[in-house]
$ cat input_35.cif   # mmCIF, C-alpha atoms; chains and numbers go by the auth columns
data_final
#
loop_
_atom_site.group_PDB
_atom_site.id
_atom_site.type_symbol
_atom_site.label_atom_id
_atom_site.label_comp_id
_atom_site.label_asym_id
_atom_site.label_seq_id
_atom_site.Cartn_x
_atom_site.Cartn_y
_atom_site.Cartn_z
_atom_site.B_iso_or_equiv
_atom_site.auth_seq_id
_atom_site.auth_asym_id
ATOM 1 C CA MET A 1 221.870 176.355 -3.649 0.00 260 Y
ATOM 2 C CA ALA A 2 220.121 179.222 -5.413 0.00 261 Y
ATOM 3 C CA ASP A 3 217.116 177.014 -6.219 0.00 262 Y
ATOM 4 C CA ALA A 4 216.976 175.299 -2.815 0.00 263 Y
ATOM 5 C CA SER A 5 214.410 175.953 -0.114 0.00 264 Y
ATOM 6 C CA VAL A 6 214.279 175.214 3.603 0.00 265 Y
ATOM 7 C CA THR A 7 211.156 174.582 5.655 0.00 266 Y
ATOM 8 C CA GLY A 8 210.560 175.706 9.204 0.00 267 Y
ATOM 9 C CA SER A 9 207.915 175.830 11.908 0.00 268 Y
ATOM 10 C CA CYS A 10 207.054 176.971 15.374 0.00 269 Y
ATOM 11 C CA PHE A 11 207.506 174.672 18.378 0.00 270 Y
ATOM 12 C CA CYS A 12 203.970 173.215 18.272 0.00 271 Y
ATOM 13 C CA GLY A 13 203.837 172.973 14.462 0.00 272 Y
ATOM 14 C CA ALA A 14 200.775 175.197 14.041 0.00 273 Y
ATOM 15 C CA VAL A 15 202.766 177.624 11.857 0.00 274 Y
ATOM 16 C CA ALA A 16 204.770 176.159 8.978 0.00 275 Y
ATOM 17 C CA PHE A 17 206.767 178.187 6.483 0.00 276 Y
ATOM 18 C CA GLU A 18 209.385 177.949 3.775 0.00 277 Y
ATOM 19 C CA ILE A 19 212.230 180.170 2.610 0.00 278 Y
ATOM 20 C CA ASP A 20 214.078 180.083 -0.687 0.00 279 Y
ATOM 21 C CA LEU A 21 217.844 180.396 -0.703 0.00 280 Y
ATOM 22 C CA PRO A 22 220.049 182.329 -0.993 0.00 281 Y
ATOM 23 C CA THR A 23 219.746 184.172 2.292 0.00 282 Y
ATOM 24 C CA LEU A 24 220.880 187.766 2.818 0.00 283 Y
ATOM 25 C CA PHE A 25 222.887 187.206 6.025 0.00 284 Y
ATOM 26 C CA CYS A 26 223.155 185.126 9.180 0.00 285 Y
ATOM 27 C CA GLY A 27 224.182 186.573 12.539 0.00 286 Y
ATOM 28 C CA HIS A 28 223.733 186.617 16.294 0.00 287 Y
ATOM 29 C CA CYS A 29 221.780 189.568 17.739 0.00 288 Y
ATOM 30 C CA HIS A 30 222.348 190.629 21.359 0.00 289 Y
ATOM 31 C CA CYS A 31 219.850 193.533 21.538 0.00 290 Y
ATOM 32 C CA SER A 32 217.270 193.551 24.326 0.00 291 Y
ATOM 33 C CA MET A 33 214.388 193.404 21.813 0.00 292 Y
ATOM 34 C CA CYS A 34 215.704 189.994 20.736 0.00 293 Y
ATOM 35 C CA ARG A 35 216.996 188.689 24.080 0.00 294 Y
ATOM 36 C CA ARG A 36 213.940 189.397 26.209 0.00 295 Y
ATOM 37 C CA PRO A 37 211.138 187.869 24.129 0.00 296 Y
ATOM 38 C CA HIS A 38 213.257 184.802 23.365 0.00 297 Y
ATOM 39 C CA GLY A 39 214.525 184.430 26.943 0.00 298 Y
ATOM 40 C CA ALA A 40 218.013 183.873 25.577 0.00 299 Y
ATOM 41 C CA SER A 41 221.454 185.434 25.660 0.00 300 Y
ATOM 42 C CA PHE A 42 221.198 186.179 21.940 0.00 301 Y
ATOM 43 C CA VAL A 43 219.136 185.151 18.911 0.00 302 Y
ATOM 44 C CA THR A 44 220.533 183.887 15.632 0.00 303 Y
ATOM 45 C CA TRP A 45 218.738 185.283 12.602 0.00 304 Y
ATOM 46 C CA THR A 46 218.897 184.840 8.879 0.00 305 Y
ATOM 47 C CA ALA A 47 216.944 186.905 6.359 0.00 306 Y
ATOM 48 C CA VAL A 48 215.410 186.703 2.914 0.00 307 Y
ATOM 49 C CA PRO A 49 213.512 189.144 0.705 0.00 308 Y
ATOM 50 C CA PRO A 50 209.709 188.806 1.195 0.00 309 Y
ATOM 51 C CA GLU A 51 209.310 187.162 -2.221 0.00 310 Y
ATOM 52 C CA GLN A 52 211.494 184.263 -0.964 0.00 311 Y
ATOM 53 C CA PHE A 53 209.241 183.625 2.052 0.00 312 Y
ATOM 54 C CA ARG A 54 205.966 181.685 2.255 0.00 313 Y
ATOM 55 C CA ILE A 55 203.636 180.696 5.077 0.00 314 Y
ATOM 56 C CA LYS A 56 202.572 177.112 4.284 0.00 315 Y
ATOM 57 C CA GLU A 57 200.189 176.535 7.220 0.00 316 Y
ATOM 58 C CA GLY A 58 198.782 178.439 10.150 0.00 317 Y
ATOM 59 C CA GLU A 59 198.871 182.037 8.956 0.00 318 Y
ATOM 60 C CA GLY A 60 195.874 182.680 11.228 0.00 319 Y
ATOM 61 C CA GLU A 61 197.913 181.411 14.195 0.00 320 Y
ATOM 62 C CA LEU A 62 200.434 184.250 13.857 0.00 321 Y
ATOM 63 C CA THR A 63 200.231 187.179 16.231 0.00 322 Y
ATOM 64 C CA THR A 64 202.028 190.422 15.430 0.00 323 Y
ATOM 65 C CA TYR A 65 203.756 192.786 17.842 0.00 324 Y
ATOM 66 C CA GLN A 66 204.997 196.178 16.613 0.00 325 Y
ATOM 67 C CA SER A 67 208.316 196.230 18.492 0.00 326 Y
ATOM 68 C CA SER A 68 209.587 199.501 17.000 0.00 327 Y
ATOM 69 C CA HIS A 69 208.537 202.134 14.470 0.00 328 Y
ATOM 70 C CA HIS A 70 210.175 200.115 11.688 0.00 329 Y
ATOM 71 C CA GLY A 71 209.896 196.505 12.874 0.00 330 Y
ATOM 72 C CA ARG A 72 207.105 194.076 13.634 0.00 331 Y
ATOM 73 C CA ARG A 73 207.647 190.649 15.121 0.00 332 Y
ATOM 74 C CA GLN A 74 205.440 187.632 14.593 0.00 333 Y
ATOM 75 C CA PHE A 75 204.987 184.655 16.851 0.00 334 Y
ATOM 76 C CA CYS A 76 202.703 181.631 17.187 0.00 335 Y
ATOM 77 C CA ARG A 77 199.659 182.389 19.331 0.00 336 Y
ATOM 78 C CA THR A 78 199.513 178.753 20.504 0.00 337 Y
ATOM 79 C CA CYS A 79 203.069 177.988 21.655 0.00 338 Y
ATOM 80 C CA GLY A 80 204.571 181.500 21.729 0.00 339 Y
ATOM 81 C CA SER A 81 207.470 180.748 19.375 0.00 340 Y
ATOM 82 C CA GLN A 82 209.038 183.970 18.094 0.00 341 Y
ATOM 83 C CA LEU A 83 209.575 183.367 14.384 0.00 342 Y
ATOM 84 C CA PHE A 84 209.885 186.470 12.192 0.00 343 Y
ATOM 85 C CA CYS A 85 210.797 190.143 12.220 0.00 344 Y
ATOM 86 C CA TRP A 86 209.610 192.291 9.312 0.00 345 Y
ATOM 87 C CA HIS A 87 211.591 195.476 8.599 0.00 346 Y
ATOM 88 C CA GLU A 88 209.437 198.290 7.229 0.00 347 Y
ATOM 89 C CA GLY A 89 211.214 201.131 5.463 0.00 348 Y
ATOM 90 C CA GLU A 90 211.699 204.368 7.395 0.00 349 Y
ATOM 91 C CA ASP A 91 209.461 206.114 4.848 0.00 350 Y
ATOM 92 C CA GLY A 92 206.629 203.564 5.083 0.00 351 Y
ATOM 93 C CA THR A 93 207.832 201.548 2.104 0.00 352 Y
ATOM 94 C CA PRO A 94 207.141 197.802 2.103 0.00 353 Y
ATOM 95 C CA PRO A 95 209.640 195.525 3.843 0.00 354 Y
ATOM 96 C CA LYS A 96 212.806 194.689 1.910 0.00 355 Y
ATOM 97 C CA MET A 97 213.577 191.681 4.087 0.00 356 Y
ATOM 98 C CA ILE A 98 212.161 189.408 6.719 0.00 357 Y
ATOM 99 C CA ASP A 99 214.335 188.043 9.505 0.00 358 Y
ATOM 100 C CA VAL A 100 213.730 184.391 10.356 0.00 359 Y
ATOM 101 C CA THR A 101 215.009 182.709 13.509 0.00 360 Y
ATOM 102 C CA LEU A 102 217.622 180.176 12.469 0.00 361 Y
ATOM 103 C CA ALA A 103 216.506 177.756 15.205 0.00 362 Y
ATOM 104 C CA SER A 104 213.010 177.509 13.674 0.00 363 Y
ATOM 105 C CA LEU A 105 214.373 176.104 10.392 0.00 364 Y
ATOM 106 C CA HIS A 106 214.364 172.344 9.766 0.00 365 Y
ATOM 107 C CA GLY A 107 217.516 172.271 7.676 0.00 366 Y
ATOM 108 C CA ALA A 108 220.744 174.026 6.855 0.00 367 Y
ATOM 109 C CA ILE A 109 220.931 177.314 4.997 0.00 368 Y
ATOM 110 C CA ASP A 110 223.599 178.570 2.623 0.00 369 Y
ATOM 111 C CA ARG A 111 225.831 180.207 5.264 0.00 370 Y
ATOM 112 C CA GLU A 112 227.038 180.040 8.851 0.00 371 Y
ATOM 113 C CA PRO A 113 226.547 182.861 11.386 0.00 372 Y
ATOM 114 C CA ALA A 114 229.090 185.544 10.470 0.00 373 Y
ATOM 115 C CA VAL A 115 228.743 188.357 13.037 0.00 374 Y
ATOM 116 C CA HIS A 116 227.561 189.434 16.499 0.00 375 Y
ATOM 117 C CA VAL A 117 225.427 192.616 16.351 0.00 376 Y
ATOM 118 C CA PHE A 118 224.460 194.876 19.264 0.00 377 Y
ATOM 119 C CA TYR A 119 227.262 193.053 21.102 0.00 378 Y
ATOM 120 C CA ASP A 120 227.889 195.980 23.447 0.00 379 Y
ATOM 121 C CA SER A 121 224.316 195.661 24.761 0.00 380 Y
ATOM 122 C CA ARG A 122 224.658 191.921 25.461 0.00 381 Y
ATOM 123 C CA ALA A 123 223.587 190.392 28.768 0.00 382 Y
ATOM 124 C CA ASP A 124 226.306 190.925 31.386 0.00 383 Y
ATOM 125 C CA TRP A 125 226.665 187.178 31.900 0.00 384 Y
ATOM 126 C CA THR A 126 227.263 186.459 28.199 0.00 385 Y
ATOM 127 C CA VAL A 127 230.823 185.560 27.250 0.00 386 Y
ATOM 128 C CA VAL A 128 231.645 184.803 23.634 0.00 387 Y
ATOM 129 C CA HIS A 129 234.961 183.266 22.611 0.00 388 Y
ATOM 130 C CA ASP A 130 234.498 182.862 18.864 0.00 389 Y
ATOM 131 C CA ALA A 131 236.416 184.832 16.234 0.00 390 Y
ATOM 132 C CA LEU A 132 233.358 186.436 14.611 0.00 391 Y
ATOM 133 C CA PRO A 133 233.334 190.243 14.309 0.00 392 Y
ATOM 134 C CA LYS A 134 231.596 191.981 17.194 0.00 393 Y
ATOM 135 C CA ARG A 135 229.581 195.041 16.267 0.00 394 Y
ATOM 136 C CA GLY A 136 227.597 197.561 18.296 0.00 395 Y
ATOM 137 C CA GLY A 137 227.198 201.273 18.836 0.00 396 Y
ATOM 138 C CA GLU A 138 224.036 203.204 18.099 0.00 397 Y
ATOM 139 C CA SER A 139 223.292 201.271 14.902 0.00 398 Y
ATOM 140 C CA GLY A 140 224.333 197.938 16.397 0.00 399 Y
ATOM 141 C CA THR A 141 226.539 197.319 13.382 0.00 400 Y
ATOM 142 C CA GLU A 142 229.584 199.533 14.006 0.00 401 Y
ATOM 143 C CA LEU A 143 232.827 197.585 14.459 0.00 402 Y
ATOM 144 C CA LEU A 144 233.792 197.461 18.141 0.00 403 Y
ATOM 145 C CA ASP A 145 237.232 197.442 19.722 0.00 404 Y
ATOM 146 C CA ASP A 146 238.579 194.009 20.606 0.00 405 Y
ATOM 147 C CA ASP A 147 237.870 194.545 24.309 0.00 406 Y
ATOM 148 C CA ALA A 148 234.121 195.257 23.958 0.00 407 Y
#

$ encode --input "input_35.cif" --output "structure tokens"
Amino acid sequence: MADASVTGSCFCGAVAFEIDLPTLFCGHCHCSMCRRPHGASFVTWTAVPPEQFRIKEGEGELTTYQSSHHGRRQFCRTCGSQLFCWHEGEDGTPPKMIDVTLASLHGAIDREPAVHVFYDSRADWTVVHDALPKRGGESGTELLDDDA
């Protein structure tokens, strides 16, 4: 799959993009910065290096929100679809990866979701019964006890 690509778009189709495989990861994020703008219990993300990502149509339809000192999120200004999260380096270096919402892709990627991150900050009403590792703590990626 190393030479494969997958297309994606926002809900209304104004923004179209493409990623090249392989991806860097795939996981479910339970942090409030993902849950609240998506209106969901958690968001499933995958990521690729910026050189494996292309906007095919509608770059001018993207709106950017600086959600933290190191992350900026992009969404469609027409339909509001949250699509991407760019991770700037702590020292101002260019992004090493871009997160892409798995639900915005039109096809399968090279991996299944493999982890729950920020699980200890999940919505109180969220119950997960899968066998994936559940991580949390300050970084969101520390292994949690089984009863978290």

$ resolve_selection --input "input_35.cif" --expression "the PyMOL selection byres ((chain Y and resi 278) around 12)" --output "PyMOL selection string"
chain Y and resi 261-268+275-277+279-283+305-315+343+356-361+363-369

$ residues_around --input "input_35.cif" --residues "Ala299 of chain Y" --least-positions-apart "6" --cutoff "10 Å" --atoms "only C-alpha atoms" --output "list in words"
His289, Ser291, Cys293, Ala382 and Thr385 of chain Y

$ atom_distance --input "input_35.cif" --atom1 "atom CA of His346 of chain Y" --atom2 "atom CA of Leu391 of chain Y"
24.3 Å

$ closest_residue --input "input_35.cif" --among "Y:Trp304, Y:Val274, Y:Ser398, Y:Pro354" --to "His287 of chain Y" --atoms "only C-alpha atoms"
Y:Trp304

$ residues_around --input "input_35.cif" --residues "Phe334 of chain Y" --least-positions-apart "2" --cutoff "10 Å" --atoms "all atoms listed in the file" --output "list in words"
Cys269, Val274, Glu320, Leu321, Thr322, Thr323, Tyr324, Arg332, Arg336, Thr337, Cys338, Gly339, Ser340, Gln341, Leu342, Phe343 and Cys344 of chain Y

$ atom_distance --input "input_35.cif" --atom1 "atom CA of Gly317 of chain Y" --atom2 "atom CA of Ala273 of chain Y"
5.4 Å

$ resolve_selection --input "input_35.cif" --expression "the PyMOL selection byres ((chain Y and resi 286) around 7)" --output "MDAnalysis selection string"
chainID Y and resid 284:285 287:288 303:305 372:375

$ closest_residue --input "input_35.cif" --among "Y:Phe270, Y:Ser326, Y:Phe301, Y:Pro296" --to "Asp383 of chain Y" --atoms "only C-alpha atoms"
Y:Phe301

$ resolve_selection --input "input_35.cif" --expression "the PyMOL selection byres ((chain Y and resi 393) around 6)" --output "ChimeraX atom specification"
/Y:375,378,392,394,403

$ atom_distance --input "input_35.cif" --atom1 "atom CA of Gly298 of chain Y" --atom2 "atom CA of His328 of chain Y"
22.5 Å

$ residues_around --input "input_35.cif" --residues "Thr400 of chain Y" --least-positions-apart "4" --cutoff "8 Å" --atoms "all atoms listed in the file" --output "mmCIF file with C-alpha atoms, in the coordinates of the input"
data_model
loop_
_atom_site.group_PDB
_atom_site.id
_atom_site.type_symbol
_atom_site.label_atom_id
_atom_site.label_comp_id
_atom_site.auth_asym_id
_atom_site.auth_seq_id
_atom_site.Cartn_x
_atom_site.Cartn_y
_atom_site.Cartn_z
ATOM 1 C CA VAL Y 376 225.427 192.616 16.351
ATOM 2 C CA PHE Y 377 224.460 194.876 19.264
ATOM 3 C CA ARG Y 394 229.581 195.041 16.267
ATOM 4 C CA GLY Y 395 227.597 197.561 18.296
ATOM 5 C CA GLY Y 396 227.198 201.273 18.836
#
